Amino acid sequence: MPFGNIKSRNPIKSVITQILGWPSLIRRMQAPYLMKYLVLKKSDNVLDLGSSEGYMAYETAKISKVFATDIFLLKYNVNYITAQQKNSRFMLSDATKLPFKDNSFDKILLSSVLQMIEKDKEVLSEIKRVLKSKGVLVFSVPTKYIFISRIYNNKILINIISKIFRIPNTYGSFIKDMKGKCGSYGKGNYTEGEIKNLLQDTGFGIEEHIHAPGFFGSVVYELILFLSYCFRLPLFNPFYVIFYPVPYVLDKLIKINAGCEFIFKVRNKA
Ligand SMILES: C[S@@+](CC[C@H](N)C(=O)[O-])C[C@H]1O[C@@H](n2cnc3c(N)ncnc32)[C@H](O)[C@@H]1O
């Protein structure tokens with residue numbers, strides 16, 4: 001069964017997830033790394049914070065006990081996943097005020113959430129509180145778009161493209177516009193140094209980190225994103241996941257240390 005093959009209320013999306021799994025191109029490329037860093041065990045109590053539609057919670061619950069929380073949850077998905085995976089529970093809650101006792105979880109997953117929230121330090125402090133001593137946090141955050149930033153570096157090219165498609169003409173204004181479209185109130189993206197400082201300030205020790213998707217995955221993902229943006233197509237169409245296998249294989253074969261997002265595995269020092 002493909003990773004994240006949960007049924008969906010939307011029949012077209014359901015067909016895609018049954019055949020190809022999690023219908024997000026970037027998450028589909030990141031999932032193997034998230035799972036590798038989590039090293040799930042049967043005895044683990046896991047929190048999937050900002051779980052959204054619950055694809056990771058569904059897969060996590062095949063091995064461990066999982067709580068999934070978000071400020072928005074889809075009733076159909078919650079009912080479907082909890083019926084399929086008895087190890088899973090969902091709860092509405094804000095990441096800055098989690099309804100759990102101190103030291104509740106062995107592992108916490110924060111997939112593409114930190115950049116959405118203005119009070120990022122508060123989120124990490126709250127995670128530290130509910131995470132057991134020496135517990136593991138695995139999180140992904142966007143860094144800089146490697147392909148789109150190169151287009152924006154070429155002033156002549158971007159002047160032509162921005163006039164034809166009526167899109168922002170600087171990288172900064174493009175990112176601001178994207179943040180608005182994604183409903184993000186947070187930083188949007190981080191440099192490696194910013195993440196490391198944040199982790200040091202909140203008491204986490206870094207164990208591993210990687211660019212995921214890698215270079216080829218990022219180029220394909222960003223190209224699709226940029227074209228969708230120019231042509232006013234849905235930015236995150238589930239159909240885009242059909243492009244996933246080729247960059248995934250290329251990134252496995254040819255290692256280039258660059259990518260548009262980071263995945264970090266860190267440990268609660270306390
Ligand atoms: C980009 S989505 C990522 C969802 C999912 N983790 C994934 O990997 O696909 C960000 C999620 O963060 C959630 N979110 C935003 N602000 C939040 C907050 N203050 N507390 C909890 N979740 C939040 C959003 O509702 C959304 O589902």
# chains A, B, ... in the order shown; residues from 1 in each chain; ligands from 1

call {"tool": "select_by_dssp", "arguments": {"residues": "segment 78-216 of chain A", "states": "strand (DSSP E)", "output": "JSON, numbers by chain"}}
result
{"A": [88, 89, 90, 91, 92, 105, 106, 107, 108, 109, 110, 111, 131, 132, 133, 134, 135, 136, 137, 138, 139, 140, 141, 142, 204, 205, 206, 207, 208, 209, 210, 211]}

call {"tool": "residues_around", "arguments": {"residues": "Val219 of chain A", "least_positions_apart": "6", "cutoff": "12 Å", "atoms": "only C-alpha atoms", "output": "PDB file with C-alpha atoms, in the first residue's frame"}}
result
ATOM      1  CA  LEU A  25       4.284  16.291  -3.824  1.00  0.00           C
ATOM      2  CA  ILE A  26       6.621  17.744  -1.202  1.00  0.00           C
ATOM      3  CA  LYS A 144      15.062  29.245   0.623  1.00  0.00           C
ATOM      4  CA  TYR A 145      13.547  28.214  -2.732  1.00  0.00           C
ATOM      5  CA  ILE A 146      16.630  27.227  -4.728  1.00  0.00           C
ATOM      6  CA  PHE A 147      15.085  27.345  -8.214  1.00  0.00           C
ATOM      7  CA  ILE A 148      12.667  30.259  -7.742  1.00  0.00           C
ATOM      8  CA  SER A 149      15.339  32.414  -6.033  1.00  0.00           C
ATOM      9  CA  ARG A 150      17.604  31.869  -9.065  1.00  0.00           C
ATOM     10  CA  ILE A 151      14.864  33.074 -11.402  1.00  0.00           C
ATOM     11  CA  ALA A 212      14.499  17.192   2.020  1.00  0.00           C
ATOM     12  CA  PRO A 213      13.391  17.190  -0.696  1.00  0.00           C
ATOM     13  CA  LEU A 225       4.773  25.708  -7.786  1.00  0.00           C
ATOM     14  CA  PHE A 226       6.072  28.602  -9.891  1.00  0.00           C
ATOM     15  CA  LEU A 227       4.175  27.570 -13.030  1.00  0.00           C
ATOM     16  CA  PHE A 243       5.788  13.777 -10.598  1.00  0.00           C
ATOM     17  CA  TYR A 244       7.194  12.357  -7.343  1.00  0.00           C
ATOM     18  CA  VAL A 246      11.638  10.665 -10.777  1.00  0.00           C
ATOM     19  CA  PRO A 247      13.160  13.376  -8.522  1.00  0.00           C
ATOM     20  CA  TYR A 248      12.978  10.938  -5.604  1.00  0.00           C
ATOM     21  CA  LEU A 250      17.531  11.141  -8.790  1.00  0.00           C
ATOM     22  CA  ASP A 251      18.046  12.498  -5.261  1.00  0.00           C
ATOM     23  CA  ILE A 256      23.762  17.523  -3.906  1.00  0.00           C
ATOM     24  CA  ALA A 258      20.828  21.811  -1.416  1.00  0.00           C
ATOM     25  CA  GLY A 259      17.061  21.892  -1.101  1.00  0.00           C
ATOM     26  CA  CYS A 260      14.080  24.093  -0.324  1.00  0.00           C
ATOM     27  CA  GLU A 261      13.259  22.567   3.094  1.00  0.00           C
TER      28      GLU A 261
END

call {"tool": "closest_atom_pairs", "arguments": {"of": "chain A", "to": "ligand 1", "cutoff": "10 Å", "atoms": "only C-alpha atoms and all ligand atoms", "output": "Markdown table"}}
result
| residue | atom | partner | partner_atom_place_in_ligand_line | distance |
| --- | --- | --- | --- | --- |
| A:Trp22 | CA | ligand 1 | 9 (O) | 8.9 |
| A:Pro23 | CA | ligand 1 | 9 (O) | 9.5 |
| A:Ser24 | CA | ligand 1 | 9 (O) | 7.6 |
| A:Ile26 | CA | ligand 1 | 9 (O) | 8.9 |
| A:Arg27 | CA | ligand 1 | 8 (O) | 6.3 |
| A:Arg28 | CA | ligand 1 | 9 (O) | 9.4 |
| A:Gln30 | CA | ligand 1 | 8 (O) | 9.0 |
| A:Ala31 | CA | ligand 1 | 8 (O) | 8.8 |
| A:Leu34 | CA | ligand 1 | 8 (O) | 9.8 |
| A:Asp48 | CA | ligand 1 | 6 (N) | 7.3 |
| A:Leu49 | CA | ligand 1 | 21 (C) | 6.5 |
| A:Gly50 | CA | ligand 1 | 22 (N) | 4.0 |
| A:Ser51 | CA | ligand 1 | 6 (N) | 4.2 |
| A:Ser52 | CA | ligand 1 | 27 (O) | 3.6 |
| A:Glu53 | CA | ligand 1 | 5 (C) | 7.0 |
| A:Gly54 | CA | ligand 1 | 5 (C) | 7.2 |
| A:Tyr55 | CA | ligand 1 | 9 (O) | 7.3 |
| A:Met56 | CA | ligand 1 | 8 (O) | 7.2 |
| A:Ala57 | CA | ligand 1 | 6 (N) | 9.1 |
| A:Ala68 | CA | ligand 1 | 6 (N) | 9.4 |
| A:Thr69 | CA | ligand 1 | 21 (C) | 6.7 |
| A:Asp70 | CA | ligand 1 | 22 (N) | 4.1 |
| A:Ile71 | CA | ligand 1 | 22 (N) | 4.8 |
| A:Phe72 | CA | ligand 1 | 25 (O) | 5.1 |
| A:Leu73 | CA | ligand 1 | 27 (O) | 7.6 |
| A:Leu74 | CA | ligand 1 | 27 (O) | 9.9 |
| A:Leu92 | CA | ligand 1 | 21 (C) | 8.1 |
| A:Ser93 | CA | ligand 1 | 21 (C) | 6.1 |
| A:Asp94 | CA | ligand 1 | 20 (N) | 3.7 |
| A:Ala95 | CA | ligand 1 | 20 (N) | 3.7 |
| A:Thr96 | CA | ligand 1 | 19 (N) | 6.2 |
| A:Lys97 | CA | ligand 1 | 20 (N) | 8.3 |
| A:Leu98 | CA | ligand 1 | 20 (N) | 8.7 |
| A:Leu109 | CA | ligand 1 | 6 (N) | 8.0 |
| A:Leu110 | CA | ligand 1 | 6 (N) | 6.3 |
| A:Ser111 | CA | ligand 1 | 8 (O) | 4.2 |
| A:Ser112 | CA | ligand 1 | 3 (C) | 4.7 |
| A:Val113 | CA | ligand 1 | 12 (O) | 4.4 |
| A:Leu114 | CA | ligand 1 | 12 (O) | 7.7 |
| A:Gln115 | CA | ligand 1 | 10 (C) | 8.4 |
| A:Met116 | CA | ligand 1 | 15 (C) | 5.6 |
| A:Ile117 | CA | ligand 1 | 16 (N) | 5.4 |
| A:Glu118 | CA | ligand 1 | 19 (N) | 8.3 |
| A:Lys119 | CA | ligand 1 | 19 (N) | 8.4 |
| A:Asp120 | CA | ligand 1 | 19 (N) | 9.3 |
| A:Val123 | CA | ligand 1 | 19 (N) | 8.2 |
| A:Phe139 | CA | ligand 1 | 8 (O) | 9.3 |
| A:Ser140 | CA | ligand 1 | 8 (O) | 8.2 |
| A:Val141 | CA | ligand 1 | 1 (C) | 9.4 |
| A:Cys182 | CA | ligand 1 | 1 (C) | 7.7 |
| A:Gly183 | CA | ligand 1 | 15 (C) | 8.3 |
| A:Ser184 | CA | ligand 1 | 15 (C) | 7.4 |
| A:Tyr185 | CA | ligand 1 | 16 (N) | 8.0 |
| A:Gly186 | CA | ligand 1 | 16 (N) | 8.7 |

call {"tool": "write_last_selection", "arguments": {"atoms": "C-alpha atoms", "output": "PDB file, in the first residue's frame"}}
result
ATOM      1  CA  TRP A  22      -0.186  11.162   0.389  1.00  0.00           C
ATOM      2  CA  PRO A  23      -1.409  13.637  -2.261  1.00  0.00           C
ATOM      3  CA  SER A  24       1.188  16.328  -1.619  1.00  0.00           C
ATOM      4  CA  ILE A  26       6.621  17.744  -1.202  1.00  0.00           C
ATOM      5  CA  ARG A  27       5.294  15.645   1.719  1.00  0.00           C
ATOM      6  CA  ARG A  28       5.490  12.500  -0.400  1.00  0.00           C
ATOM      7  CA  GLN A  30       9.767  14.061   2.747  1.00  0.00           C
ATOM      8  CA  ALA A  31       7.847  11.171   4.310  1.00  0.00           C
ATOM      9  CA  LEU A  34      10.454  11.878   8.582  1.00  0.00           C
ATOM     10  CA  ASP A  48       1.682  14.661  15.473  1.00  0.00           C
ATOM     11  CA  LEU A  49       1.400  18.407  16.053  1.00  0.00           C
ATOM     12  CA  GLY A  50      -0.348  20.340  13.263  1.00  0.00           C
ATOM     13  CA  SER A  51      -1.505  17.063  11.719  1.00  0.00           C
ATOM     14  CA  SER A  52      -3.848  18.646   9.162  1.00  0.00           C
ATOM     15  CA  GLU A  53      -5.563  15.857   7.174  1.00  0.00           C
ATOM     16  CA  GLY A  54      -3.782  13.172   9.204  1.00  0.00           C
ATOM     17  CA  TYR A  55      -1.640  11.328   6.638  1.00  0.00           C
ATOM     18  CA  MET A  56       1.361  11.066   8.984  1.00  0.00           C
ATOM     19  CA  ALA A  57      -0.836  10.211  11.978  1.00  0.00           C
ATOM     20  CA  ALA A  68      -2.822  14.202  16.351  1.00  0.00           C
ATOM     21  CA  THR A  69      -3.620  17.862  17.048  1.00  0.00           C
ATOM     22  CA  ASP A  70      -4.361  20.903  14.909  1.00  0.00           C
ATOM     23  CA  ILE A  71      -6.393  24.100  15.053  1.00  0.00           C
ATOM     24  CA  PHE A  72      -8.491  22.726  12.140  1.00  0.00           C
ATOM     25  CA  LEU A  73      -9.446  19.081  11.669  1.00  0.00           C
ATOM     26  CA  LEU A  74     -11.508  17.384   8.956  1.00  0.00           C
ATOM     27  CA  LEU A  92      -8.323  20.357  18.375  1.00  0.00           C
ATOM     28  CA  SER A  93      -5.646  22.441  20.069  1.00  0.00           C
ATOM     29  CA  ASP A  94      -3.254  25.316  19.573  1.00  0.00           C
ATOM     30  CA  ALA A  95       0.464  24.509  19.392  1.00  0.00           C
ATOM     31  CA  THR A  96       1.276  27.281  21.878  1.00  0.00           C
ATOM     32  CA  LYS A  97      -1.033  25.794  24.563  1.00  0.00           C
ATOM     33  CA  LEU A  98      -1.092  22.011  24.398  1.00  0.00           C
ATOM     34  CA  LEU A 109       6.434  15.308  14.826  1.00  0.00           C
ATOM     35  CA  LEU A 110       6.068  18.898  13.631  1.00  0.00           C
ATOM     36  CA  SER A 111       5.791  18.649   9.856  1.00  0.00           C
ATOM     37  CA  SER A 112       5.712  22.025   8.108  1.00  0.00           C
ATOM     38  CA  VAL A 113       4.038  23.861  10.995  1.00  0.00           C
ATOM     39  CA  LEU A 114       6.662  26.009  12.792  1.00  0.00           C
ATOM     40  CA  GLN A 115       6.947  28.502   9.919  1.00  0.00           C
ATOM     41  CA  MET A 116       3.174  29.115  10.043  1.00  0.00           C
ATOM     42  CA  ILE A 117       3.086  30.350  13.650  1.00  0.00           C
ATOM     43  CA  GLU A 118       4.259  33.782  14.788  1.00  0.00           C
ATOM     44  CA  LYS A 119       5.258  32.598  18.285  1.00  0.00           C
ATOM     45  CA  ASP A 120       7.724  29.935  17.126  1.00  0.00           C
ATOM     46  CA  VAL A 123       5.760  26.426  20.235  1.00  0.00           C
ATOM     47  CA  PHE A 139      10.390  18.722  12.283  1.00  0.00           C
ATOM     48  CA  SER A 140      10.458  20.115   8.775  1.00  0.00           C
ATOM     49  CA  VAL A 141      10.678  23.797   7.837  1.00  0.00           C
ATOM     50  CA  CYS A 182      -0.871  29.732   2.577  1.00  0.00           C
ATOM     51  CA  GLY A 183      -2.421  31.576   5.563  1.00  0.00           C
ATOM     52  CA  SER A 184       0.927  31.758   7.348  1.00  0.00           C
ATOM     53  CA  TYR A 185       1.389  34.162  10.270  1.00  0.00           C
ATOM     54  CA  GLY A 186       4.907  32.987  11.022  1.00  0.00           C
TER      55      GLY A 186
END

call {"tool": "closest_residue", "arguments": {"among": "A:Ala61, A:Ile206, A:Val138, A:Ile254", "to": "Lys36 of chain A", "atoms": "only C-alpha atoms"}}
result
A:Val138

call {"tool": "closest_residue", "arguments": {"among": "A:Asn153, A:Lys132, A:Met29, A:Ile16", "to": "Val220 of chain A", "atoms": "only C-alpha atoms"}}
result
A:Met29

call {"tool": "residues_around", "arguments": {"residues": "Lys196 of chain A", "least_positions_apart": "5", "cutoff": "12 Å", "atoms": "only C-alpha atoms", "output": "list in words"}}
result
Tyr190, Thr191, Asp201, Thr202, Gly203, Phe204, Gly205, Ile206, Glu207, Glu208, His209, Phe262, Phe264, Lys265 and Val266 of chain A

call {"tool": "select_by_dssp", "arguments": {"residues": "segment 104-247 of chain A", "states": "alpha helix (DSSP H)", "output": "PyMOL selection string"}}
result
chain A and resi 120-130+146-153+155-165+171-182+192-202+215-230+245-247

call {"tool": "write_last_selection", "arguments": {"atoms": "C-alpha atoms", "output": "short mmCIF file (atom, residue, chain, number, x, y, z; two decimals), in the first residue's frame"}}
result
data_model
loop_
_atom_site.label_atom_id
_atom_site.label_comp_id
_atom_site.auth_asym_id
_atom_site.auth_seq_id
_atom_site.Cartn_x
_atom_site.Cartn_y
_atom_site.Cartn_z
CA ASP A 120 7.72 29.93 17.13
CA LYS A 121 9.77 30.03 20.35
CA GLU A 122 6.60 29.45 22.40
CA VAL A 123 5.76 26.43 20.24
CA LEU A 124 9.19 24.89 20.84
CA SER A 125 9.01 25.62 24.59
CA GLU A 126 5.58 23.96 24.75
CA ILE A 127 6.92 20.96 22.82
CA LYS A 128 9.81 20.72 25.27
CA ARG A 129 7.36 20.73 28.18
CA VAL A 130 5.22 17.82 26.87
CA ILE A 146 16.63 27.23 -4.73
CA PHE A 147 15.09 27.35 -8.21
CA ILE A 148 12.67 30.26 -7.74
CA SER A 149 15.34 32.41 -6.03
CA ARG A 150 17.60 31.87 -9.06
CA ILE A 151 14.86 33.07 -11.40
CA TYR A 152 14.46 36.15 -9.21
CA ASN A 153 18.23 36.74 -9.29
CA LYS A 155 16.61 40.75 -13.25
CA ILE A 156 15.97 40.76 -17.02
CA LEU A 157 14.18 37.40 -16.96
CA ILE A 158 12.05 38.22 -13.91
CA ASN A 159 11.06 41.62 -15.35
CA ILE A 160 9.72 39.85 -18.43
CA ILE A 161 8.02 37.02 -16.49
CA SER A 162 6.47 39.34 -13.89
CA LYS A 163 5.03 41.62 -16.60
CA ILE A 164 3.59 38.75 -18.66
CA PHE A 165 2.03 36.90 -15.70
CA TYR A 171 11.86 37.43 -4.36
CA GLY A 172 10.82 39.13 -1.08
CA SER A 173 7.42 40.19 -2.43
CA PHE A 174 6.89 36.73 -3.96
CA ILE A 175 7.51 35.08 -0.55
CA LYS A 176 5.18 37.59 1.16
CA ASP A 177 2.45 36.83 -1.38
CA MET A 178 2.95 33.05 -0.99
CA LYS A 179 2.72 33.38 2.81
CA GLY A 180 -0.60 35.18 2.41
CA LYS A 181 -1.91 32.46 0.08
CA CYS A 182 -0.87 29.73 2.58
CA GLU A 192 20.01 26.99 8.96
CA GLY A 193 21.56 29.46 11.45
CA GLU A 194 18.15 30.75 12.57
CA ILE A 195 16.92 27.22 13.28
CA LYS A 196 20.10 26.34 15.18
CA ASN A 197 19.80 29.48 17.35
CA LEU A 198 16.14 28.76 18.05
CA LEU A 199 16.95 25.20 19.09
CA GLN A 200 19.81 26.31 21.32
CA ASP A 201 17.61 28.96 23.00
CA THR A 202 14.85 26.43 23.71
CA PHE A 215 18.16 19.18 -5.05
CA PHE A 216 16.17 17.45 -7.83
CA GLY A 217 13.02 17.13 -5.75
CA SER A 218 13.21 20.82 -4.87
CA VAL A 219 13.70 21.90 -8.48
CA VAL A 220 10.70 19.83 -9.66
CA TYR A 221 8.54 20.95 -6.73
CA GLU A 222 9.45 24.63 -7.17
CA LEU A 223 9.02 24.52 -10.94
CA ILE A 224 5.48 23.15 -10.53
CA LEU A 225 4.77 25.71 -7.79
CA PHE A 226 6.07 28.60 -9.89
CA LEU A 227 4.18 27.57 -13.03
CA SER A 228 1.00 27.07 -10.98
CA TYR A 229 1.53 30.53 -9.52
CA CYS A 230 2.05 32.16 -12.93
CA PRO A 245 9.07 9.16 -8.35
CA VAL A 246 11.64 10.67 -10.78
CA PRO A 247 13.16 13.38 -8.52
#

call {"tool": "atom_distance", "arguments": {"atom1": "atom CA of Ile6 of chain A", "atom2": "atom CA of Lys75 of chain A"}}
result
13.5 Å

call {"tool": "atom_distance", "arguments": {"atom1": "atom CA of Ile12 of chain A", "atom2": "atom CA of Phe236 of chain A"}}
result
14.4 Å

call {"tool": "closest_residue", "arguments": {"among": "A:Asn45, A:Asn268, A:Thr17, A:Ser104", "to": "Asn87 of chain A", "atoms": "only C-alpha atoms"}}
result
A:Asn45

call {"tool": "residues_around", "arguments": {"residues": "Pro2 of chain A", "least_positions_apart": "6", "cutoff": "7 Å", "atoms": "only C-alpha atoms", "output": "list in words"}}
result
Ile19, Leu20 and Gly21 of chain A

call {"tool": "write_last_selection", "arguments": {"atoms": "C-alpha atoms", "output": "PDB file, in the first residue's frame"}}
result
ATOM      1  CA  ILE A  19      -2.730   4.626  -6.086  1.00  0.00           C
ATOM      2  CA  LEU A  20       0.027   7.070  -5.120  1.00  0.00           C
ATOM      3  CA  GLY A  21      -0.433   7.793  -1.414  1.00  0.00           C
TER       4      GLY A  21
END

call {"tool": "residues_around", "arguments": {"residues": "Gln85 of chain A", "least_positions_apart": "4", "cutoff": "7 Å", "atoms": "only C-alpha atoms", "output": "PyMOL selection string"}}
result
chain A and resi 58+61-62+81
